[in-house]
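Novice: Below you'll find my_file34.txt; it's compact mmCIF, C-alpha atoms.
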```txt
# COMPACT_ATOMS: atom_id res chain seq x y z
CA MET F 1 122.69 -94.78 91.55
CA ALA F 2 124.28 -92.17 93.79
CA THR F 3 121.97 -89.67 95.31
CA ILE F 4 122.34 -86.01 94.52
CA ARG F 5 123.71 -85.24 97.95
CA GLN F 6 126.36 -87.94 97.70
CA LEU F 7 127.40 -86.62 94.32
CA ARG F 8 127.70 -83.10 95.65
CA ARG F 9 129.89 -84.30 98.48
CA ARG F 10 132.17 -86.26 96.19
CA ILE F 11 132.62 -83.33 93.83
CA ALA F 12 133.65 -81.12 96.75
CA SER F 13 136.13 -83.70 97.99
CA VAL F 14 137.70 -84.25 94.57
CA ARG F 15 138.02 -80.51 94.06
CA ASN F 16 139.76 -80.21 97.42
CA THR F 17 142.22 -82.92 96.45
CA ALA F 18 142.91 -81.08 93.20
CA LYS F 19 143.64 -77.91 95.16
CA ILE F 20 146.14 -79.71 97.36
CA THR F 21 147.94 -81.49 94.53
CA ASN F 22 148.03 -78.24 92.59
CA ALA F 23 149.68 -76.49 95.54
CA LEU F 24 152.21 -79.33 95.85
CA GLN F 25 152.92 -79.04 92.15
CA LEU F 26 153.68 -75.34 92.43
CA VAL F 27 155.92 -75.85 95.45
CA ALA F 28 157.81 -78.63 93.69
CA ALA F 29 158.22 -76.47 90.58
CA SER F 30 159.81 -73.65 92.54
CA LYS F 31 162.03 -76.03 94.51
CA MET F 32 163.10 -77.67 91.28
CA ARG F 33 164.11 -74.36 89.79
CA ARG F 34 166.21 -73.60 92.84
CA ALA F 35 167.80 -77.05 92.82
CA GLN F 36 168.69 -76.63 89.15
CA GLU F 37 170.12 -73.20 89.86
CA ARG F 38 172.37 -74.74 92.52
CA ALA F 39 173.46 -77.47 90.14
CA LEU F 40 174.41 -74.78 87.65
CA GLN F 41 176.48 -72.96 90.29
CA ALA F 42 178.38 -76.15 91.03
CA ARG F 43 179.27 -76.76 87.40
CA PRO F 44 182.44 -74.60 87.05
CA TYR F 45 184.19 -76.19 90.03
CA ALA F 46 183.33 -79.65 88.74
CA GLU F 47 184.58 -78.92 85.25
CA LYS F 48 187.76 -77.30 86.49
CA ILE F 49 188.71 -80.02 88.94
CA GLN F 50 188.07 -82.65 86.30
CA LEU F 51 190.27 -80.85 83.83
CA VAL F 52 193.10 -80.34 86.30
CA LEU F 53 192.88 -83.88 87.57
CA SER F 54 192.97 -85.39 84.13
CA GLY F 55 195.96 -83.23 83.26
CA LEU F 56 197.69 -84.20 86.45
CA ALA F 57 196.92 -87.89 86.19
CA SER F 58 199.49 -88.09 83.47
CA ALA F 59 201.87 -85.52 84.94
CA ALA F 60 201.95 -87.14 88.36
CA GLU F 61 202.71 -90.59 87.06
CA ARG F 62 205.15 -91.96 89.58
CA GLY F 63 207.74 -94.63 89.62
CA GLU F 64 206.74 -98.13 90.57
CA ASP F 65 208.44 -97.96 93.93
CA ILE F 66 206.14 -95.22 95.20
CA ALA F 67 202.77 -96.36 96.50
CA PRO F 68 199.79 -94.82 94.72
CA HIS F 69 197.33 -92.63 96.59
CA PRO F 70 195.10 -94.76 98.86
CA LEU F 71 192.00 -93.64 96.97
CA LEU F 72 193.37 -95.12 93.76
CA VAL F 73 194.28 -98.56 95.04
CA GLU F 74 192.66 -101.48 93.25
CA ARG F 75 192.20 -104.44 95.60
CA PRO F 76 190.69 -107.86 95.05
CA VAL F 77 187.03 -107.24 95.79
CA GLU F 78 185.83 -108.91 98.98
CA LYS F 79 183.27 -106.39 100.06
CA VAL F 80 181.31 -103.80 98.20
CA SER F 81 179.65 -100.66 99.45
CA VAL F 82 176.78 -98.86 97.76
CA LEU F 83 176.02 -95.22 98.42
CA HIS F 84 172.30 -95.20 97.72
CA ILE F 85 170.72 -91.78 97.36
CA THR F 86 166.93 -91.43 97.50
CA PRO F 87 164.43 -88.80 98.57
CA ASP F 88 163.14 -88.68 102.15
CA ARG F 89 159.57 -88.37 101.00
CA GLY F 90 157.13 -89.98 98.63
CA LEU F 91 154.51 -88.42 96.37
CA CYS F 92 157.01 -88.33 93.56
CA GLY F 93 155.61 -90.90 91.19
CA ALA F 94 157.67 -93.96 90.40
CA LEU F 95 161.00 -92.33 91.28
CA ASN F 96 161.55 -94.11 94.59
CA ALA F 97 160.46 -97.47 93.23
CA ASN F 98 162.72 -97.07 90.21
CA LEU F 99 165.71 -96.10 92.35
CA ASN F 100 165.23 -98.98 94.74
CA ARG F 101 164.77 -101.42 91.89
CA SER F 102 167.90 -100.21 90.15
CA THR F 103 170.04 -100.56 93.28
CA GLY F 104 168.32 -103.83 94.20
CA THR F 105 169.15 -105.35 90.83
CA PHE F 106 172.68 -104.13 91.17
CA ILE F 107 173.08 -105.71 94.61
CA ALA F 108 171.48 -108.96 93.51
CA GLY F 109 174.01 -109.17 90.67
CA HIS F 110 176.94 -109.13 93.09
CA GLU F 111 178.42 -112.23 94.59
CA GLU F 112 180.48 -110.36 97.16
CA PRO F 113 178.79 -109.21 100.36
CA VAL F 114 177.33 -105.72 99.97
CA GLN F 115 176.85 -103.04 102.56
CA MET F 116 174.89 -99.87 102.07
CA VAL F 117 175.32 -96.26 103.04
CA ALA F 118 171.80 -94.92 102.73
CA VAL F 119 171.05 -91.29 102.04
CA GLY F 120 167.31 -90.62 102.30
CA LYS F 121 164.57 -92.44 104.16
CA LYS F 122 162.89 -94.14 101.21
CA GLY F 123 165.95 -96.14 100.25
CA ARG F 124 166.93 -96.87 103.84
CA ASP F 125 163.49 -98.21 104.74
CA PHE F 126 163.27 -100.35 101.63
CA PHE F 127 166.66 -102.02 102.03
CA MET F 128 166.34 -102.37 105.79
CA ARG F 129 163.22 -104.44 105.13
CA ALA F 130 165.06 -106.35 102.43
CA GLY F 131 167.72 -107.26 104.98
CA VAL F 132 170.67 -105.43 103.43
CA GLU F 133 173.38 -104.37 105.85
CA ILE F 134 173.03 -100.62 106.41
CA ALA F 135 176.44 -99.36 107.48
CA ALA F 136 175.33 -95.77 107.88
CA GLU F 137 172.37 -93.60 107.12
CA PHE F 138 171.90 -89.92 106.43
CA THR F 139 168.37 -88.60 106.40
CA GLU F 140 166.65 -85.21 106.60
CA LEU F 141 169.24 -83.48 104.47
CA GLY F 142 166.50 -81.12 103.36
CA ASP F 143 165.68 -79.83 99.92
CA TYR F 144 168.96 -78.00 99.41
CA PRO F 145 171.76 -80.01 101.03
CA SER F 146 174.90 -78.01 101.73
CA GLU F 147 178.41 -79.07 100.88
CA LEU F 148 179.18 -79.33 104.59
CA GLU F 149 176.53 -82.02 104.97
CA THR F 150 177.48 -83.97 101.89
CA ASN F 151 181.15 -83.81 102.86
CA ALA F 152 180.34 -85.76 105.99
CA ILE F 153 179.00 -88.50 103.72
CA SER F 154 181.89 -88.54 101.29
CA ARG F 155 184.47 -88.47 104.10
CA LEU F 156 182.83 -91.47 105.75
CA VAL F 157 182.83 -93.41 102.50
CA MET F 158 186.47 -92.56 101.80
CA GLU F 159 187.52 -93.56 105.30
CA ASP F 160 185.78 -96.90 104.92
CA PHE F 161 187.61 -97.46 101.68
CA ILE F 162 191.03 -96.38 102.91
CA GLU F 163 190.76 -98.60 105.97
CA ALA F 164 189.98 -101.46 103.58
CA ASN F 165 186.62 -102.20 105.17
CA VAL F 166 185.30 -102.18 101.65
CA ASP F 167 187.18 -102.68 98.42
CA ARG F 168 184.91 -100.94 96.00
CA VAL F 169 182.30 -98.22 96.38
CA TYR F 170 179.43 -97.49 94.03
CA ILE F 171 177.11 -94.55 94.00
CA SER F 172 173.48 -94.90 92.99
CA PHE F 173 171.34 -91.86 92.33
CA ALA F 174 168.70 -90.32 90.09
CA GLU F 175 170.28 -88.61 87.13
CA PHE F 176 168.39 -85.50 86.08
CA VAL F 177 167.90 -85.80 82.33
CA ASN F 178 165.14 -83.24 81.98
CA THR F 179 161.96 -82.26 83.78
CA ALA F 180 160.09 -85.28 82.49
CA THR F 181 162.88 -87.86 82.75
CA GLN F 182 165.00 -89.00 85.66
CA ARG F 183 167.23 -91.99 85.12
CA PRO F 184 168.50 -94.17 87.98
CA VAL F 185 172.23 -94.76 87.51
CA VAL F 186 174.86 -96.75 89.39
CA LYS F 187 178.46 -95.64 89.00
CA GLN F 188 181.75 -96.63 90.51
CA LEU F 189 183.01 -94.05 92.98
CA LEU F 190 186.06 -95.70 94.55
CA PRO F 191 188.76 -96.52 93.72
CA ILE F 192 188.83 -93.36 91.65
CA SER F 193 189.49 -93.78 88.01
CA PRO F 194 190.79 -90.31 87.27
CA PRO F 195 189.38 -88.77 84.13
CA ARG F 196 191.89 -89.01 81.32
CA MET F 197 192.69 -86.19 79.01
CA GLU F 198 191.77 -87.01 75.47
CA ASP F 199 193.72 -84.21 73.96
CA GLU F 200 197.30 -85.48 74.07
CA GLU F 201 198.69 -82.04 73.34
CA GLU F 202 197.01 -80.53 76.35
CA ALA F 203 198.19 -83.36 78.55
CA GLN F 204 201.68 -82.72 77.32
CA GLU F 205 201.37 -79.13 78.43
CA TYR F 206 200.56 -80.25 81.95
CA ARG F 207 203.53 -82.58 82.01
CA GLN F 208 206.05 -80.02 80.92
CA ASP F 209 205.01 -76.43 81.27
CA TYR F 210 203.50 -76.23 84.72
CA ILE F 211 205.13 -75.13 87.90
CA PHE F 212 203.69 -77.11 90.79
CA GLU F 213 203.78 -75.98 94.37
CA PRO F 214 204.70 -77.90 96.41
CA SER F 215 204.90 -80.77 93.86
CA PRO F 216 202.68 -82.42 91.25
CA GLU F 217 202.21 -85.44 93.52
CA ASP F 218 201.19 -83.30 96.46
CA VAL F 219 198.68 -81.27 94.46
CA PHE F 220 197.30 -84.45 92.94
CA ASP F 221 196.91 -86.13 96.34
CA ARG F 222 195.06 -83.15 97.72
CA LEU F 223 192.81 -82.89 94.71
CA LEU F 224 191.63 -86.50 94.87
CA PRO F 225 189.53 -86.28 98.06
CA ARG F 226 188.05 -83.01 96.86
CA TYR F 227 187.14 -84.74 93.63
CA VAL F 228 185.22 -87.38 95.56
CA ASP F 229 183.55 -84.66 97.67
CA MET F 230 182.50 -82.99 94.47
CA LEU F 231 181.13 -86.19 92.92
CA VAL F 232 179.04 -86.95 95.99
CA TYR F 233 177.79 -83.37 96.26
CA GLU F 234 176.88 -83.37 92.59
CA ALA F 235 175.02 -86.68 92.83
CA ILE F 236 173.03 -85.53 95.84
CA LEU F 237 172.22 -82.23 94.18
CA GLU F 238 171.10 -83.99 91.04
CA SER F 239 168.93 -86.36 93.07
CA ALA F 240 167.30 -83.39 94.76
CA ALA F 241 166.49 -81.82 91.39
CA SER F 242 165.17 -85.19 90.15
CA GLU F 243 162.98 -85.59 93.21
CA GLN F 244 161.38 -82.19 92.77
CA SER F 245 160.79 -82.61 89.07
CA ALA F 246 159.34 -86.10 89.55
CA ARG F 247 157.06 -84.72 92.23
CA MET F 248 156.04 -81.84 90.03
CA VAL F 249 155.06 -84.15 87.18
CA ALA F 250 153.28 -86.61 89.49
CA MET F 251 151.31 -83.82 91.11
CA LYS F 252 150.41 -82.30 87.76
CA ASN F 253 149.01 -85.64 86.66
CA ALA F 254 147.12 -85.97 89.93
CA THR F 255 145.63 -82.50 89.49
CA ASP F 256 144.61 -83.23 85.91
CA ASN F 257 143.02 -86.50 86.92
CA ALA F 258 141.15 -84.92 89.80
CA ASN F 259 139.83 -82.18 87.53
CA GLU F 260 138.69 -84.76 85.01
CA ILE F 261 136.88 -86.77 87.66
CA ALA F 262 135.31 -83.59 89.01
CA SER F 263 133.96 -82.63 85.60
CA GLU F 264 132.58 -86.12 85.00
CA LEU F 265 130.91 -86.08 88.39
CA THR F 266 129.51 -82.63 87.69
CA LEU F 267 127.96 -83.94 84.52
CA THR F 268 126.37 -86.85 86.36
CA TYR F 269 125.23 -84.49 89.07
CA ASN F 270 123.57 -82.14 86.58
CA LYS F 271 121.83 -85.02 84.87
CA ALA F 272 120.57 -86.32 88.20
CA ARG F 273 119.37 -82.87 89.18
CA GLN F 274 117.59 -82.42 85.86
CA GLU F 275 115.98 -85.78 86.28
CA GLN F 276 114.79 -84.89 89.74
CA ILE F 277 113.25 -81.67 88.49
CA THR F 278 111.53 -83.49 85.67
CA ASN F 279 110.17 -86.03 88.10
CA GLU F 280 108.87 -83.30 90.39
CA LEU F 281 107.22 -81.54 87.46
CA LEU F 282 105.61 -84.78 86.38
CA ASP F 283 104.30 -85.25 89.89
CA ILE F 284 102.84 -81.74 90.01
CA VAL F 285 101.31 -81.96 86.53
CA GLY F 286 99.97 -85.42 87.28
CA GLY F 287 98.50 -84.20 90.59
CA ALA F 288 96.87 -81.19 88.95
CA ALA F 289 95.41 -83.36 86.20
CA ALA F 290 93.99 -85.72 88.82
CA LEU F 291 92.35 -82.81 90.68
CA GLU F 292 90.68 -81.50 87.51
CA GLU F 293 88.87 -84.73 86.84
CA MET I 1 196.92 -58.07 78.89
CA PRO I 2 195.28 -57.90 82.30
CA LEU I 3 194.24 -60.95 84.30
CA THR I 4 190.92 -62.71 84.36
CA ILE I 5 190.11 -64.40 87.63
CA GLU I 6 187.46 -66.85 88.62
CA ILE I 7 186.84 -67.85 92.23
CA VAL I 8 184.64 -70.91 92.66
CA THR I 9 183.77 -73.34 95.44
CA ILE I 10 182.00 -76.68 95.14
CA GLU I 11 178.76 -74.92 95.98
CA ARG I 12 178.86 -71.71 94.04
CA ILE I 13 180.58 -69.26 91.75
CA VAL I 14 181.94 -66.70 94.17
CA ARG I 15 183.29 -64.17 91.69
CA VAL I 16 184.36 -63.80 88.10
CA GLU I 17 186.37 -60.69 87.42
CA GLU I 18 188.17 -59.32 84.39
CA ASN I 19 190.81 -56.65 83.92
CA VAL I 20 192.66 -57.33 87.13
CA ASP I 21 196.20 -55.96 87.42
CA VAL I 22 197.56 -58.04 90.23
CA LEU I 23 196.40 -60.88 92.42
CA ILE I 24 197.89 -61.72 95.80
CA ALA I 25 197.11 -65.20 97.01
CA PRO I 26 197.94 -67.19 100.14
CA GLY I 27 199.99 -69.97 98.55
CA ILE I 28 200.91 -72.98 100.63
CA GLU I 29 204.57 -71.96 100.52
CA GLY I 30 203.94 -68.31 101.28
CA GLN I 31 202.10 -65.42 99.76
CA LEU I 32 202.44 -64.98 96.07
CA ALA I 33 201.60 -62.15 93.76
CA ILE I 34 200.52 -62.95 90.25
CA LEU I 35 201.06 -60.40 87.53
CA PRO I 36 200.04 -60.69 83.90
CA ARG I 37 202.19 -63.04 81.81
CA HIS I 38 202.90 -65.29 84.74
CA SER I 39 204.00 -68.75 83.72
CA ALA I 40 201.63 -71.67 84.13
CA LEU I 41 201.30 -72.56 87.80
CA MET I 42 199.31 -74.93 89.92
CA THR I 43 199.47 -74.54 93.66
CA THR I 44 197.57 -75.44 96.78
CA LEU I 45 196.34 -72.58 98.92
CA ASP I 46 196.55 -71.95 102.63
CA TYR I 47 194.07 -70.20 104.87
CA GLY I 48 194.38 -66.56 104.15
CA GLU I 49 193.48 -63.40 102.44
CA LEU I 50 193.22 -63.15 98.70
CA ILE I 51 193.46 -59.68 97.23
CA PHE I 52 193.13 -58.38 93.73
CA ARG I 53 193.81 -54.89 92.53
CA ARG I 54 193.10 -52.90 89.47
CA SER I 55 194.07 -49.35 88.72
CA ASN I 56 192.26 -47.68 91.58
CA ALA I 57 190.32 -50.32 93.44
CA GLU I 58 191.15 -53.30 95.58
CA GLU I 59 189.03 -56.15 96.78
CA SER I 60 189.74 -58.86 99.25
CA PHE I 61 188.40 -62.29 100.02
CA ALA I 62 188.76 -64.70 102.89
CA VAL I 63 189.82 -68.05 101.49
CA ALA I 64 190.02 -71.28 103.45
CA GLY I 65 192.38 -73.46 101.47
CA GLY I 66 191.97 -74.88 98.01
CA PHE I 67 193.81 -74.76 94.71
CA MET I 68 194.86 -72.14 92.24
CA GLU I 69 195.69 -72.55 88.61
CA VAL I 70 197.32 -69.83 86.56
CA ARG I 71 197.42 -70.28 82.84
CA ASN I 72 197.52 -67.79 79.99
CA ASP I 73 196.50 -64.92 82.27
CA ARG I 74 193.46 -66.83 83.41
CA ILE I 75 193.42 -67.63 87.11
CA SER I 76 191.06 -70.24 88.47
CA ILE I 77 190.74 -70.53 92.20
CA LEU I 78 189.07 -73.68 93.47
CA ALA I 79 188.53 -72.71 97.09
CA GLU I 80 187.30 -74.88 99.91
CA GLN I 81 185.44 -71.84 101.12
CA ALA I 82 185.60 -68.27 99.94
CA GLU I 83 183.86 -65.13 101.02
CA ALA I 84 184.08 -61.60 99.67
CA ALA I 85 184.89 -59.01 102.32
CA GLU I 86 181.50 -57.37 101.98
CA GLU I 87 179.76 -60.70 102.50
CA ILE I 88 181.36 -61.26 105.85
CA ASP I 89 179.08 -60.80 108.80
CA VAL I 90 181.37 -59.12 111.33
CA ASP I 91 179.12 -59.78 114.30
CA ARG I 92 178.92 -63.43 113.48
CA ALA I 93 182.69 -63.66 113.03
CA ARG I 94 183.17 -61.95 116.41
CA ALA I 95 180.78 -64.37 118.04
CA ALA I 96 182.62 -67.29 116.43
CA ARG I 97 185.96 -65.94 117.70
CA ALA I 98 184.57 -65.61 121.22
CA ARG I 99 183.19 -69.13 121.07
CA ALA I 100 186.47 -70.56 119.83
CA GLU I 101 188.49 -68.74 122.49
CA GLU I 102 186.12 -69.90 125.20
CA ARG I 103 186.40 -73.47 123.97
CA LEU I 104 190.19 -73.30 123.88
CA ARG I 105 190.35 -72.02 127.47
CA GLU I 106 188.04 -74.79 128.54
CA LEU I 107 190.14 -77.46 126.87
CA GLN I 108 193.38 -76.05 128.25
CA GLN I 109 192.02 -76.11 131.79
CA ARG I 110 190.86 -79.65 131.47
CA GLY I 111 194.24 -80.69 130.07
CA GLY I 112 194.90 -84.30 129.21
CA ASP I 113 195.57 -85.56 125.71
CA GLN I 114 192.18 -86.99 124.82
CA GLY I 115 191.11 -83.55 123.66
CA GLU I 116 193.74 -83.20 120.99
CA ALA I 117 191.33 -83.45 118.10
CA ASP I 118 188.94 -81.04 119.83
CA MET I 119 191.85 -78.71 120.41
CA ALA I 120 192.81 -78.74 116.76
CA ARG I 121 189.23 -78.10 115.74
CA ALA I 122 188.88 -75.18 118.14
CA GLN I 123 192.15 -73.74 116.91
CA ALA I 124 191.02 -74.07 113.31
CA SER I 125 187.76 -72.26 113.95
CA LEU I 126 189.62 -69.56 115.86
CA GLN I 127 191.96 -69.11 112.93
CA LYS I 128 189.05 -68.95 110.53
CA SER I 129 187.17 -66.32 112.51
CA LEU I 130 190.32 -64.23 112.92
CA LEU I 131 190.93 -64.37 109.19
CA ARG I 132 187.41 -63.27 108.39
CA LEU I 133 187.64 -60.41 110.85
CA ARG I 134 190.93 -59.29 109.38
CA VAL I 135 189.55 -59.31 105.86
CA ALA I 136 186.43 -57.45 106.92
CA GLU I 137 188.52 -54.88 108.82
CA ARG I 138 190.73 -54.20 105.85
CA ARG I 139 187.75 -53.51 103.69
CA ARG I 140 186.45 -50.98 106.15
CA ARG I 141 189.71 -49.09 106.17
CA ALA I 142 190.26 -49.28 102.43
CA PRO I 143 190.11 -45.80 100.94
CA GLY I 144 187.28 -45.14 98.56
CA ALA I 145 185.58 -48.39 99.29
CA PRO I 146 181.85 -48.00 99.79
CA ARG I 147 180.90 -48.68 103.36
CA PRO I 148 178.87 -51.80 103.92
CA GLY I 149 175.22 -50.91 104.20
CA GLY I 150 175.81 -47.49 102.59
```
In structure tokens, what does this structure look like?

Specialist:
Amino acid sequence: MATIRQLRRRIASVRNTAKITNALQLVAASKMRRAQERALQARPYAEKIQLVLSGLASAAERGEDIAPHPLLVERPVEKVSVLHITPDRGLCGALNANLNRSTGTFIAGHEEPVQMVAVGKKGRDFFMRAGVEIAAEFTELGDYPSELETNAISRLVMEDFIEANVDRVYISFAEFVNTATQRPVVKQLLPISPPRMEDEEEAQEYRQDYIFEPSPEDVFDRLLPRYVDMLVYEAILESAASEQSARMVAMKNATDNANEIASELTLTYNKARQEQITNELLDIVGGAAALEE
Amino acid sequence: MPLTIEIVTIERIVRVEENVDVLIAPGIEGQLAILPRHSALMTTLDYGELIFRRSNAEESFAVAGGFMEVRNDRISILAEQAEAAEEIDVDRARAARARAEERLRELQQRGGDQGEADMARAQASLQKSLLRLRVAERRRRAPGAPRPGG
């Protein structure tokens, strides 16, 4: 049975923990809002480039004698690269473990040798220990990575692909479903499979009615790398939002748990205190009774 | 029907504007002016100044490459980078110009061909700072335009 003093000390320590996790929760909530705001700002560009690219994919169909853009080339797969995006920090519940497991399963399912471009410390550390070849790493991107920083990543990946060091590139990141749910996903990044226009009429319009300067092929070729830049930026942004929301939820749970423990301990403490007072009273009453006799 | 324009970059929505009378953009094959009822067009953009006018006002932007789509009087500009004239920090642009010029001088003195990539980079940043200064200057001279900072 814990003494009263021990109980008091534990209650204070649990309350302190609750204060810290509560502060972390508030910080994560505000960072999450900002990350979501940034994702919203990036939406129009993403939608537009997708639309134009899908329209152009059919318009810029070339003859068989012209080589396709290097980012579209399908090669027999001899080496695979995975762009693995994780947070730099922990305290975000099961997010890191889930991400690493998802990528790990993906790598294990591949017969070809796999190299990794790691974004974020948690993924890098995990796969370094697992003995996966880390071709490059990008850490400390901060809570709000800028396009300039993510472009460095996408350019490196594209270069690797164009130089045929790798024949296929996948991107693995935490998809932001909602505040409570983040889903690890692995998608193919390169070679690009350009989005196709479903509406045949609209595609037709691109084929016939547009004036292209300098030419449809040229516009298409310039759009492709920007499309990859955009995909990488979007994935990293989404991961950032996922990280903050996972942290917010984890810290909320931690705060709730700490408060629960604190109230249980307070109950025990009050009982113990009551008991002590009763015992003291009994002593005094007993002593007085003994004196009277 | 007047034009609706939308300037976006990967990172943000720079500007959405309606009721524009004319847009002048730095197309890759020379400047082009877009008036209402322009036919559908898709072009790549060069470094340069993008201007739009409506009855009595004019606004300009510094644009560093990208794409422009014109369709049914809606213009979408997917810029690599874009900045409205009033967003441009003139002091910073001046400092950037000075830095780029300094760097160019340095590289020229050293000579040799190993610095070709550096040279190109320095030239690009010089170009960029000059463009931003030009756009900021124009805004200051524009009649009726509110002065930055009141």

Novice: Taking only C-alpha atoms into account, what are the residues of chain I at most 6 Å from chain F, put as a ChimeraX atom specification?

Specialist: /I:8,10-13,40-43

Novice: Out of F:Ala180, F:Leu267, F:Ile4, F:Ile107, which residue has the shortest atom-to-atom distance to Ala130 of chain F when counting only C-alpha atoms?

Specialist: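 Between F:Ala180, F:Leu267, F:Ile4, F:Ile107, the residue approaching Ala130 of chain F most closely is F:Ile107.
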
Novice: Just the number, please: distance in Å from atom CA of Arg99 of chain I to atom CA of Arg155 of chain F, one decimal.

Specialist: 25.8 Å

Novice: When you draw a straight line from atom CA of Val132 of chain F to atom CA of Pro145 of chain F, how long is it in Å?

Specialist: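 Rounded to one decimal, the two atoms are 25.6 Å apart.
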
Novice: Find the residues around Asn98 of chain F up to 8 Å (only C-alpha atoms counted), leave out those fewer than 4 positions away in its own chain, and share them as a tab-separated table (two decimals) with C-alpha atoms, in the frame of the given file.

Specialist:
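Done, and the output landed in out.tsv:
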```tsv
chain	number	residue	atom	x	y	z
F	94	ALA	CA	157.67	-93.96	90.40
F	102	SER	CA	167.90	-100.21	90.15
F	184	PRO	CA	168.50	-94.17	87.98
```

Novice: Determine, counting all atoms listed in the file, which protein, DNA and RNA residues have an atom within 6 Å of an atom of Ile75 of chain I; residues of the same chain fewer than 3 positions away are not included. Present the result as JSON, numbers by chain.

Specialist: {"I": [5, 69, 70]}
